[in-house]
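Asker: This one is data-v7.csv, CSV, C-alpha atoms and all ligand atoms.
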chain,number,residue,atom,x,y,z
A,180,MET,CA,1.3,21.4,-32.9
A,181,HIS,CA,-2.4,21.7,-33.5
A,182,SER,CA,-3.2,22.7,-29.9
A,183,LEU,CA,-0.3,25.1,-29.9
A,184,SER,CA,-1.7,27.0,-32.9
A,185,LEU,CA,-5.1,27.1,-31.2
A,186,LEU,CA,-3.5,28.5,-28.1
A,187,LEU,CA,-1.7,31.1,-30.1
A,188,LEU,CA,-4.9,31.9,-32.0
A,189,SER,CA,-6.8,32.5,-28.7
A,190,PHE,CA,-4.1,35.0,-27.6
A,191,CYS,CA,-4.4,36.9,-30.8
A,192,LEU,CA,-8.2,37.3,-30.5
A,193,PRO,CA,-9.7,40.3,-28.7
A,194,LEU,CA,-10.9,39.7,-25.2
A,195,PRO,CA,-14.6,39.2,-25.6
A,196,THR,CA,-15.3,38.3,-22.0
A,197,LEU,CA,-13.9,41.6,-20.7
A,198,GLU,CA,-15.9,43.6,-23.2
A,199,ALA,CA,-19.0,41.6,-22.6
A,200,SER,CA,-19.1,42.4,-18.9
A,201,ARG,CA,-19.5,46.1,-19.6
A,202,TRP,CA,-23.3,46.4,-19.6
A,203,CYS,CA,-24.9,49.4,-17.9
A,204,TYR,CA,-28.1,51.4,-17.5
A,205,ASP,CA,-29.0,54.4,-19.7
A,206,SER,CA,-28.3,56.7,-16.6
A,207,GLN,CA,-24.6,55.7,-16.9
A,208,ALA,CA,-24.2,55.7,-20.7
A,209,ILE,CA,-26.6,55.1,-23.6
A,210,SER,CA,-23.8,53.2,-25.4
A,211,CYS,CA,-24.0,50.3,-22.9
A,212,GLY,CA,-27.6,50.7,-21.9
A,213,PRO,CA,-30.4,48.1,-22.1
A,214,ILE,CA,-31.1,48.3,-25.8
A,215,THR,CA,-27.4,47.3,-26.4
A,216,TRP,CA,-27.4,44.3,-24.0
A,217,LYS,CA,-28.4,41.9,-26.7
A,218,ASN,CA,-25.2,42.6,-28.7
A,219,ASP,CA,-23.1,40.9,-26.1
A,220,TYR,CA,-25.8,38.8,-24.5
A,221,PRO,CA,-28.1,37.5,-27.3
A,222,VAL,CA,-30.7,36.0,-24.9
A,223,CYS,CA,-31.6,39.6,-23.9
A,224,GLY,CA,-33.1,39.9,-27.4
A,225,LEU,CA,-35.3,36.8,-27.2
A,226,ASN,CA,-39.1,36.9,-26.7
A,227,LYS,CA,-39.7,35.9,-23.0
A,228,GLN,CA,-38.0,38.8,-21.4
A,229,SER,CA,-38.6,40.7,-18.2
A,230,PRO,CA,-39.8,43.0,-16.8
A,231,ILE,CA,-43.2,43.5,-18.3
A,232,ASN,CA,-46.2,45.9,-18.0
A,233,ILE,CA,-48.9,43.9,-16.2
A,234,VAL,CA,-52.3,44.8,-17.8
A,235,THR,CA,-54.6,43.8,-14.9
A,236,LYS,CA,-57.7,43.6,-17.2
A,237,LYS,CA,-56.0,41.0,-19.4
A,238,ALA,CA,-54.6,38.8,-16.5
A,239,LYS,CA,-56.2,35.4,-16.5
A,240,LEU,CA,-57.8,34.6,-13.2
A,241,ASP,CA,-56.6,31.2,-12.0
A,242,ARG,CA,-58.7,30.2,-9.0
A,243,SER,CA,-56.5,27.1,-8.5
A,244,LEU,CA,-53.4,29.3,-7.7
A,245,PRO,CA,-52.8,28.8,-4.0
A,246,PRO,CA,-51.0,31.4,-1.8
A,247,ILE,CA,-47.2,31.4,-1.7
A,248,ILE,CA,-45.9,29.6,1.3
A,249,PHE,CA,-43.1,31.4,3.0
A,250,LYS,CA,-40.7,29.1,4.9
A,251,GLY,CA,-38.1,30.5,7.3
A,252,TYR,CA,-39.3,34.1,6.6
A,253,ASP,CA,-40.6,34.4,10.2
A,254,ARG,CA,-37.4,34.0,12.1
A,255,VAL,CA,-33.7,34.7,12.1
A,256,ALA,CA,-32.8,31.6,10.1
A,257,THR,CA,-29.1,31.5,10.7
A,258,GLU,CA,-26.3,32.6,13.0
A,259,GLN,CA,-24.1,33.3,10.1
A,260,ASN,CA,-24.1,36.9,8.9
A,261,TRP,CA,-25.5,37.9,5.6
A,262,GLN,CA,-23.4,39.8,3.1
A,263,ILE,CA,-24.5,43.1,1.7
A,264,SER,CA,-22.7,44.4,-1.4
A,265,ASN,CA,-22.6,47.0,-4.1
A,266,ASN,CA,-22.2,45.0,-7.3
A,267,GLY,CA,-22.0,48.1,-9.6
A,268,HIS,CA,-25.6,47.7,-10.6
A,269,THR,CA,-27.6,47.5,-7.4
A,270,VAL,CA,-27.3,46.8,-3.7
A,271,THR,CA,-27.7,43.1,-3.0
A,272,VAL,CA,-27.9,41.0,0.2
A,273,LYS,CA,-26.7,37.4,0.0
A,274,LEU,CA,-28.8,35.2,2.3
A,275,ASN,CA,-27.8,32.3,4.5
A,276,GLY,CA,-30.1,30.0,6.3
A,277,ASP,CA,-33.1,27.8,5.5
A,278,ILE,CA,-35.3,30.3,3.7
A,279,ALA,CA,-37.6,29.1,0.9
A,280,ILE,CA,-40.9,29.4,-0.9
A,281,GLU,CA,-43.4,26.8,-2.1
A,282,GLY,CA,-47.0,26.9,-3.3
A,283,GLY,CA,-48.4,29.1,-6.0
A,284,ASN,CA,-47.6,27.6,-9.4
A,285,LEU,CA,-44.2,26.5,-8.2
A,286,PRO,CA,-43.3,22.9,-9.2
A,287,ASN,CA,-41.0,22.5,-6.2
A,288,THR,CA,-39.4,24.2,-3.2
A,289,TYR,CA,-37.3,27.2,-4.2
A,290,LYS,CA,-34.5,28.3,-1.8
A,291,ALA,CA,-33.8,32.0,-1.2
A,292,VAL,CA,-30.5,33.2,-2.5
A,293,GLN,CA,-30.4,37.0,-2.4
A,294,PHE,CA,-32.5,40.1,-2.6
A,295,HIS,CA,-31.8,43.5,-4.2
A,296,TYR,CA,-33.6,46.6,-5.4
A,297,HIS,CA,-34.2,48.7,-8.5
A,298,TRP,CA,-35.1,52.4,-8.1
A,299,GLY,CA,-35.3,55.8,-9.8
A,300,THR,CA,-34.0,59.2,-8.8
A,301,VAL,CA,-35.3,61.6,-6.1
A,302,SER,CA,-37.9,62.7,-8.6
A,303,ASN,CA,-38.5,59.7,-10.8
A,304,PRO,CA,-39.9,56.2,-10.2
A,305,GLY,CA,-37.7,53.2,-10.8
A,306,SER,CA,-39.6,49.9,-10.5
A,307,GLU,CA,-39.0,47.3,-13.3
A,308,HIS,CA,-42.5,45.9,-13.5
A,309,THR,CA,-45.3,48.3,-14.1
A,310,ILE,CA,-49.0,47.7,-13.4
A,311,ASP,CA,-51.4,49.2,-16.0
A,312,GLY,CA,-48.6,51.4,-17.1
A,313,GLU,CA,-47.8,52.8,-13.7
A,314,GLN,CA,-44.2,52.6,-12.6
A,315,TYR,CA,-43.6,52.5,-8.8
A,316,PRO,CA,-40.8,54.3,-6.9
A,317,MET,CA,-38.8,51.1,-6.2
A,318,GLU,CA,-39.0,47.3,-6.6
A,319,MET,CA,-37.4,44.6,-4.5
A,320,HIS,CA,-36.5,41.2,-6.0
A,321,LEU,CA,-36.2,38.2,-3.7
A,322,VAL,CA,-34.4,35.6,-5.8
A,323,HIS,CA,-34.9,31.9,-5.2
A,324,HIS,CA,-33.7,28.8,-7.0
A,325,ASN,CA,-35.3,25.4,-7.5
A,326,GLU,CA,-33.8,23.2,-4.8
A,327,LYS,CA,-33.3,20.4,-7.3
A,328,TYR,CA,-30.4,22.3,-8.6
A,329,ASP,CA,-27.3,22.6,-6.5
A,330,SER,CA,-26.6,26.2,-7.1
A,331,PHE,CA,-28.1,29.3,-8.6
A,332,GLU,CA,-25.6,29.1,-11.5
A,333,ASP,CA,-26.9,25.6,-12.4
A,334,ALA,CA,-30.6,26.6,-11.8
A,335,VAL,CA,-30.4,29.6,-14.1
A,336,LYS,CA,-29.7,27.3,-17.1
A,337,ASN,CA,-33.2,25.7,-16.7
A,338,ALA,CA,-36.7,26.9,-17.5
A,339,ASP,CA,-37.9,25.9,-14.0
A,340,GLY,CA,-34.7,27.0,-12.3
A,341,VAL,CA,-35.5,30.4,-10.7
A,342,ALA,CA,-38.4,32.0,-8.9
A,343,VAL,CA,-38.3,35.7,-8.2
A,344,LEU,CA,-40.8,37.5,-5.9
A,345,GLY,CA,-41.3,41.1,-7.0
A,346,PHE,CA,-42.4,43.7,-4.4
A,347,LEU,CA,-43.4,47.2,-5.5
A,348,PHE,CA,-42.9,50.2,-3.2
A,349,GLU,CA,-45.2,53.2,-2.6
A,350,GLU,CA,-44.3,56.5,-1.0
A,351,SER,CA,-45.7,56.9,2.5
A,352,THR,CA,-45.7,59.8,4.9
A,353,LYS,CA,-44.6,57.6,7.8
A,354,ASN,CA,-41.1,56.0,8.0
A,355,ASN,CA,-41.0,52.2,7.3
A,356,GLU,CA,-38.9,51.5,10.4
A,357,GLU,CA,-38.3,47.9,9.3
A,358,MET,CA,-36.4,49.2,6.3
A,359,ASN,CA,-33.8,50.9,8.5
A,360,VAL,CA,-31.7,47.8,9.1
A,361,LEU,CA,-31.0,47.9,5.4
A,362,ILE,CA,-30.9,51.6,4.8
A,363,ASP,CA,-28.4,52.2,7.6
A,364,ALA,CA,-26.1,49.7,5.9
A,365,LEU,CA,-26.1,51.4,2.5
A,366,GLN,CA,-23.3,53.8,3.5
A,367,LEU,CA,-21.1,50.8,4.1
A,368,VAL,CA,-21.3,49.8,0.4
A,369,SER,CA,-21.2,53.1,-1.4
A,370,ASN,CA,-18.9,51.9,-4.2
A,371,PRO,CA,-18.9,49.0,-6.5
A,372,GLY,CA,-17.0,46.0,-5.0
A,373,ASN,CA,-17.7,47.2,-1.4
A,374,THR,CA,-19.1,44.4,0.8
A,375,SER,CA,-20.1,44.4,4.5
A,376,SER,CA,-21.7,41.9,6.8
A,377,LEU,CA,-25.4,42.3,7.7
A,378,LYS,CA,-27.0,40.8,10.8
A,379,PRO,CA,-29.7,38.4,9.6
A,380,PHE,CA,-33.3,39.4,10.4
A,381,ALA,CA,-36.7,37.8,9.7
A,382,LEU,CA,-37.5,38.6,6.0
A,383,ASN,CA,-41.2,39.1,7.0
A,384,ARG,CA,-40.2,42.4,8.5
A,385,ILE,CA,-39.5,43.9,5.1
A,386,ILE,CA,-42.4,42.5,3.1
A,387,PRO,CA,-46.2,43.0,3.6
A,388,ASP,CA,-48.3,40.7,5.8
A,389,HIS,CA,-48.8,37.3,4.1
A,390,GLU,CA,-52.6,37.9,4.3
A,391,LYS,CA,-52.1,40.8,1.8
A,392,LEU,CA,-49.9,38.7,-0.5
A,393,LYS,CA,-52.6,36.2,-1.6
A,394,LYS,CA,-53.2,38.3,-4.7
A,395,TYR,CA,-50.3,38.1,-7.1
A,396,TYR,CA,-49.5,38.0,-10.8
A,397,CYS,CA,-47.3,35.3,-12.3
A,398,TYR,CA,-45.8,34.7,-15.7
A,399,HIS,CA,-42.7,33.1,-17.2
A,400,GLY,CA,-39.9,35.5,-18.0
A,401,SER,CA,-36.2,36.2,-17.5
A,402,LEU,CA,-33.5,37.8,-15.3
A,403,THR,CA,-33.7,41.6,-15.9
A,404,THR,CA,-29.9,41.9,-16.1
A,405,PRO,CA,-27.5,40.2,-18.5
A,406,ALA,CA,-27.3,37.4,-19.4
A,407,CYS,CA,-31.2,37.7,-19.3
A,408,GLN,CA,-31.7,33.9,-19.0
A,409,GLU,CA,-35.3,32.9,-19.6
A,410,SER,CA,-35.5,30.8,-16.5
A,411,VAL,CA,-37.7,32.8,-14.1
A,412,ILE,CA,-41.1,32.1,-12.7
A,413,TRP,CA,-42.1,35.7,-11.8
A,414,ILE,CA,-44.5,36.3,-8.9
A,415,VAL,CA,-45.3,40.0,-8.6
A,416,PHE,CA,-47.4,41.3,-5.7
A,417,PRO,CA,-49.7,44.3,-6.2
A,418,GLU,CA,-49.8,45.1,-2.5
A,419,PRO,CA,-47.1,47.7,-2.2
A,420,ILE,CA,-44.5,48.1,0.6
A,421,PRO,CA,-44.7,51.6,2.1
A,422,ILE,CA,-41.5,53.7,2.3
A,423,ASN,CA,-40.9,57.3,3.2
A,424,LYS,CA,-39.5,59.7,0.6
A,425,ALA,CA,-36.4,60.4,2.7
A,426,GLN,CA,-35.7,56.7,3.1
A,427,LEU,CA,-36.2,56.1,-0.6
A,428,ASP,CA,-33.7,58.9,-1.5
A,429,GLU,CA,-31.0,57.2,0.6
A,430,PHE,CA,-30.7,54.6,-2.2
A,431,SER,CA,-29.7,57.2,-4.8
A,432,ASN,CA,-27.8,59.4,-2.4
A,433,ARG,CA,-25.6,56.7,-0.7
A,434,LEU,CA,-24.9,54.4,-3.6
A,435,PHE,CA,-22.7,54.9,-6.6
A,436,PHE,CA,-22.0,53.3,-10.0
A,437,ASP,CA,-18.4,52.5,-11.2
A,438,ASP,CA,-17.8,56.0,-12.5
A,439,SER,CA,-18.7,57.6,-9.1
A,440,GLN,CA,-22.1,58.6,-10.6
A,441,PRO,CA,-25.0,58.4,-8.2
A,442,MET,CA,-26.6,55.0,-8.6
A,443,THR,CA,-30.0,56.0,-10.1
A,444,LEU,CA,-32.6,54.6,-12.6
A,445,ASN,CA,-31.1,51.1,-12.4
A,446,PHE,CA,-34.1,49.4,-14.0
A,447,ARG,CA,-34.6,47.7,-17.3
A,448,PRO,CA,-37.5,49.1,-19.3
A,449,VAL,CA,-40.6,46.8,-19.8
A,450,GLN,CA,-40.3,44.2,-22.5
A,451,LYS,CA,-42.8,42.9,-25.0
A,452,LEU,CA,-45.2,40.2,-23.7
A,453,ASN,CA,-45.2,38.3,-27.1
A,454,GLY,CA,-48.4,36.5,-26.3
A,455,ARG,CA,-47.3,35.1,-22.9
A,456,PRO,CA,-50.2,34.6,-20.5
A,457,VAL,CA,-50.1,36.5,-17.2
A,458,TYR,CA,-52.1,34.8,-14.4
A,459,VAL,CA,-53.6,36.4,-11.4
A,460,SER,CA,-54.4,34.5,-8.2
A,461,ASP,CA,-57.8,34.9,-6.6
A,462,SER,CA,-57.2,36.8,-3.3
A,463,ALA,CA,-60.7,35.6,-2.1
A,464,VAL,CA,-60.1,31.9,-2.8
A,465,ARG,CA,-59.9,31.1,0.9
A,466,LEU,CA,-63.0,33.2,1.8
A,467,PHE,CA,-64.9,31.3,-0.9
A,468,ASN,CA,-63.9,27.9,0.5
A,469,VAL,CA,-64.7,29.0,4.1
A,470,ALA,CA,-68.1,30.1,2.9
A,471,TRP,CA,-68.8,26.7,1.3
A,472,LEU,CA,-67.5,24.9,4.4
A,473,SER,CA,-69.9,26.8,6.6
A,474,VAL,CA,-72.8,26.0,4.3
A,475,ILE,CA,-71.9,22.3,4.5
A,476,LEU,CA,-71.5,22.5,8.3
A,477,ALA,CA,-74.8,24.2,8.6
A,478,VAL,CA,-76.5,21.5,6.5
A,479,LEU,CA,-74.8,18.7,8.5
A,480,THR,CA,-75.7,20.2,11.9
A,481,SER,CA,-79.3,20.7,10.8
A,482,MET,CA,-79.7,17.0,10.0
A,501,LIG,C1,-15.2,50.8,-1.3
A,501,LIG,O1,-14.7,50.8,-2.6
A,501,LIG,C2,-13.9,51.9,-2.9
A,501,LIG,C3,-13.7,51.9,-4.4
A,501,LIG,O2,-13.2,50.7,-4.9
A,501,LIG,C4,-12.6,51.8,-2.1
A,501,LIG,O3,-11.7,52.9,-2.4
A,501,LIG,C5,-13.0,51.8,-0.6
A,501,LIG,O4,-11.9,51.6,0.1
A,501,LIG,C6,-14.0,50.7,-0.4
A,501,LIG,N1,-14.5,50.9,1.0
A,501,LIG,C7,-14.6,49.8,1.8
A,501,LIG,C8,-15.1,50.2,3.2
A,501,LIG,O5,-14.4,48.7,1.5
A,502,ZN,ZN,-33.8,42.6,-10.0
Go through the file and emit its structure as structure tokens.
Answerer:
Amino acid sequence: MHSLSLLLLSFCLPLPTLEASRWCYDSQAISCGPITWKNDYPVCGLNKQSPINIVTKKAKLDRSLPPIIFKGYDRVATEQNWQISNNGHTVTVKLNGDIAIEGGNLPNTYKAVQFHYHWGTVSNPGSEHTIDGEQYPMEMHLVHHNEKYDSFEDAVKNADGVAVLGFLFEESTKNNEEMNVLIDALQLVSNPGNTSSLKPFALNRIIPDHEKLKKYYCYHGSLTTPACQESVIWIVFPEPIPINKAQLDEFSNRLFFDDSQPMTLNFRPVQKLNGRPVYVSDSAVRLFNVAWLSVILAVLTSM
């Protein structure tokens, strides 16, 4: 009897889950844009949110921060195809294979799950993180989860669950040929819900040389889309990825939101830092060690 009345009651209630899934960007409708997310997803209104503006002058230099170690980034890590899809908010590539990161301030190995992009319009920038107030044309997020959790869904419930690498793009006169594998596939996933298979490639092809990734900013923040869980160790690289304007425009020309509006300006505005420290690695840390090593060697050999 009691459980029956509960059952009946639940049928009489409005459908909060259906409503809750209707979040969007301001370019779609102000009424479901980022400032409204916290109504349905309260965590979006907490105080460790992402993205942020990185004020380089205020970043704390941490000489003990080692470079990120990229595992399985240098080869085609699987025979199984990846899956590219339009999820209504971005284009995302679900990864297979043994791809992971370690090092930095990471407490464990983090397995690569997917990557996706945030961009603007043909005339406006669209990165999520900004550096000293500058917004870049586009930003790639390479999402990893702590391997001690079985799935991304489990990981995202924990403060040490997720690590995201953020890469900023800069306009270049030359084509970035390596991006074409991805750009050519955009037309296959024009509309939300469309998926297609993508032949795996070495992820190193679409990021800068590791040598240039020794300098990075890191801080603790959140997913930049609802439910905005505060489970992310953010690692943002200032070394930009070059991309030609025509290549960049393919993102806003080929992809569409639900309402067949061009998919544009799919970034969340920067959030308050609220006193969180932002650390910067020392790009010269290895040079420094090498210098000391050679001094020691010189002393030893002179004895
Ligand atoms: C892509 O999605 C649209 C809208 O749902 C659908 O009409 C179309 O058939 C899909 N195309 C492919 C290739 O799946
Ligand atoms: Zn993202």
Asker: If you count only C-alpha atoms and all ligand atoms, which residues end up within 7 Å of ligand ZN 502 (chain A), as a PyMOL selection string?
Answerer: chain A and resi 295-297+319-320+403
Asker: Kindly give the distance, in Å, that separates atom CA of A:Val457 and atom CA of A:Ser306, rounded to a single decimal.
Answerer: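 Distance between the two atoms: 18.3 Å.
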Asker: Write out as a PyMOL selection string each polymer residue (protein, DNA or RNA) that has an atom no more than 9 Å from ligand LIG 501 (chain A), with all atoms listed in the file counted.
Answerer: chain A and resi 265+366-375+437+439
Asker: Could you name the residues that touch A:Val272 at 10 Å or less, counting all atoms listed in the file, but leaving out those on the same chain fewer than 6 positions away, as JSON, numbers by chain?
Answerer: {"A": [261, 262, 263, 264, 265, 292, 293, 294, 295, 296, 321, 361, 374, 375, 376, 377, 379]}
Asker: Write the residues of the preceding selection, restricted to C-alpha atoms, as an mmCIF file, in the frame of the given file.
Answerer:
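The result, written out as selection09.cif:
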data_model
loop_
_atom_site.group_PDB
_atom_site.id
_atom_site.type_symbol
_atom_site.label_atom_id
_atom_site.label_comp_id
_atom_site.auth_asym_id
_atom_site.auth_seq_id
_atom_site.Cartn_x
_atom_site.Cartn_y
_atom_site.Cartn_z
ATOM 1 C CA TRP A 261 -25.500 37.900 5.600
ATOM 2 C CA GLN A 262 -23.400 39.800 3.100
ATOM 3 C CA ILE A 263 -24.500 43.100 1.700
ATOM 4 C CA SER A 264 -22.700 44.400 -1.400
ATOM 5 C CA ASN A 265 -22.600 47.000 -4.100
ATOM 6 C CA VAL A 292 -30.500 33.200 -2.500
ATOM 7 C CA GLN A 293 -30.400 37.000 -2.400
ATOM 8 C CA PHE A 294 -32.500 40.100 -2.600
ATOM 9 C CA HIS A 295 -31.800 43.500 -4.200
ATOM 10 C CA TYR A 296 -33.600 46.600 -5.400
ATOM 11 C CA LEU A 321 -36.200 38.200 -3.700
ATOM 12 C CA LEU A 361 -31.000 47.900 5.400
ATOM 13 C CA THR A 374 -19.100 44.400 0.800
ATOM 14 C CA SER A 375 -20.100 44.400 4.500
ATOM 15 C CA SER A 376 -21.700 41.900 6.800
ATOM 16 C CA LEU A 377 -25.400 42.300 7.700
ATOM 17 C CA PRO A 379 -29.700 38.400 9.600
#
Asker: Work out how far atom CA of A:Ala291 is from atom CA of A:Phe416, in Å to one decimal.
Answerer: 17.1 Å
Asker: Distance atom CA of A:Tyr252-atom CA of A:Glu318, one decimal place?
Answerer: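 Interatomic distance here is 18.7 Å.
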Asker: Residues within 7 Å of A:Thr443, please, as a VMD selection string. Count all atoms listed in the file; anything in the same chain fewer than 5 positions from it doesn't count.
Answerer: chain A and resid 206 298 to 300 431
Asker: Taking all atoms listed in the file into account, name the residue in A:Lys227, A:Lys250, A:Lys391, A:His308 that is nearest to A:Leu347.
Answerer: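 The closest residue to A:Leu347 is A:His308.
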Asker: With 6 Å as the threshold, what does the neighbourhood of (-40.2, 36.4, -7.6) contain in terms of residues, counting all atoms listed in the file? Coordinates are those of the file; answer as a ChimeraX atom specification.
Answerer: /A:321,342-345,413-414
Asker: Of the candidates A:Asn275, A:Ser401, A:Thr309, A:Thr215, which one gets nearest to A:Glu258 if we count all atoms listed in the file?
Answerer: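 Counting all atoms listed in the file, the residue closest to A:Glu258 is A:Asn275.
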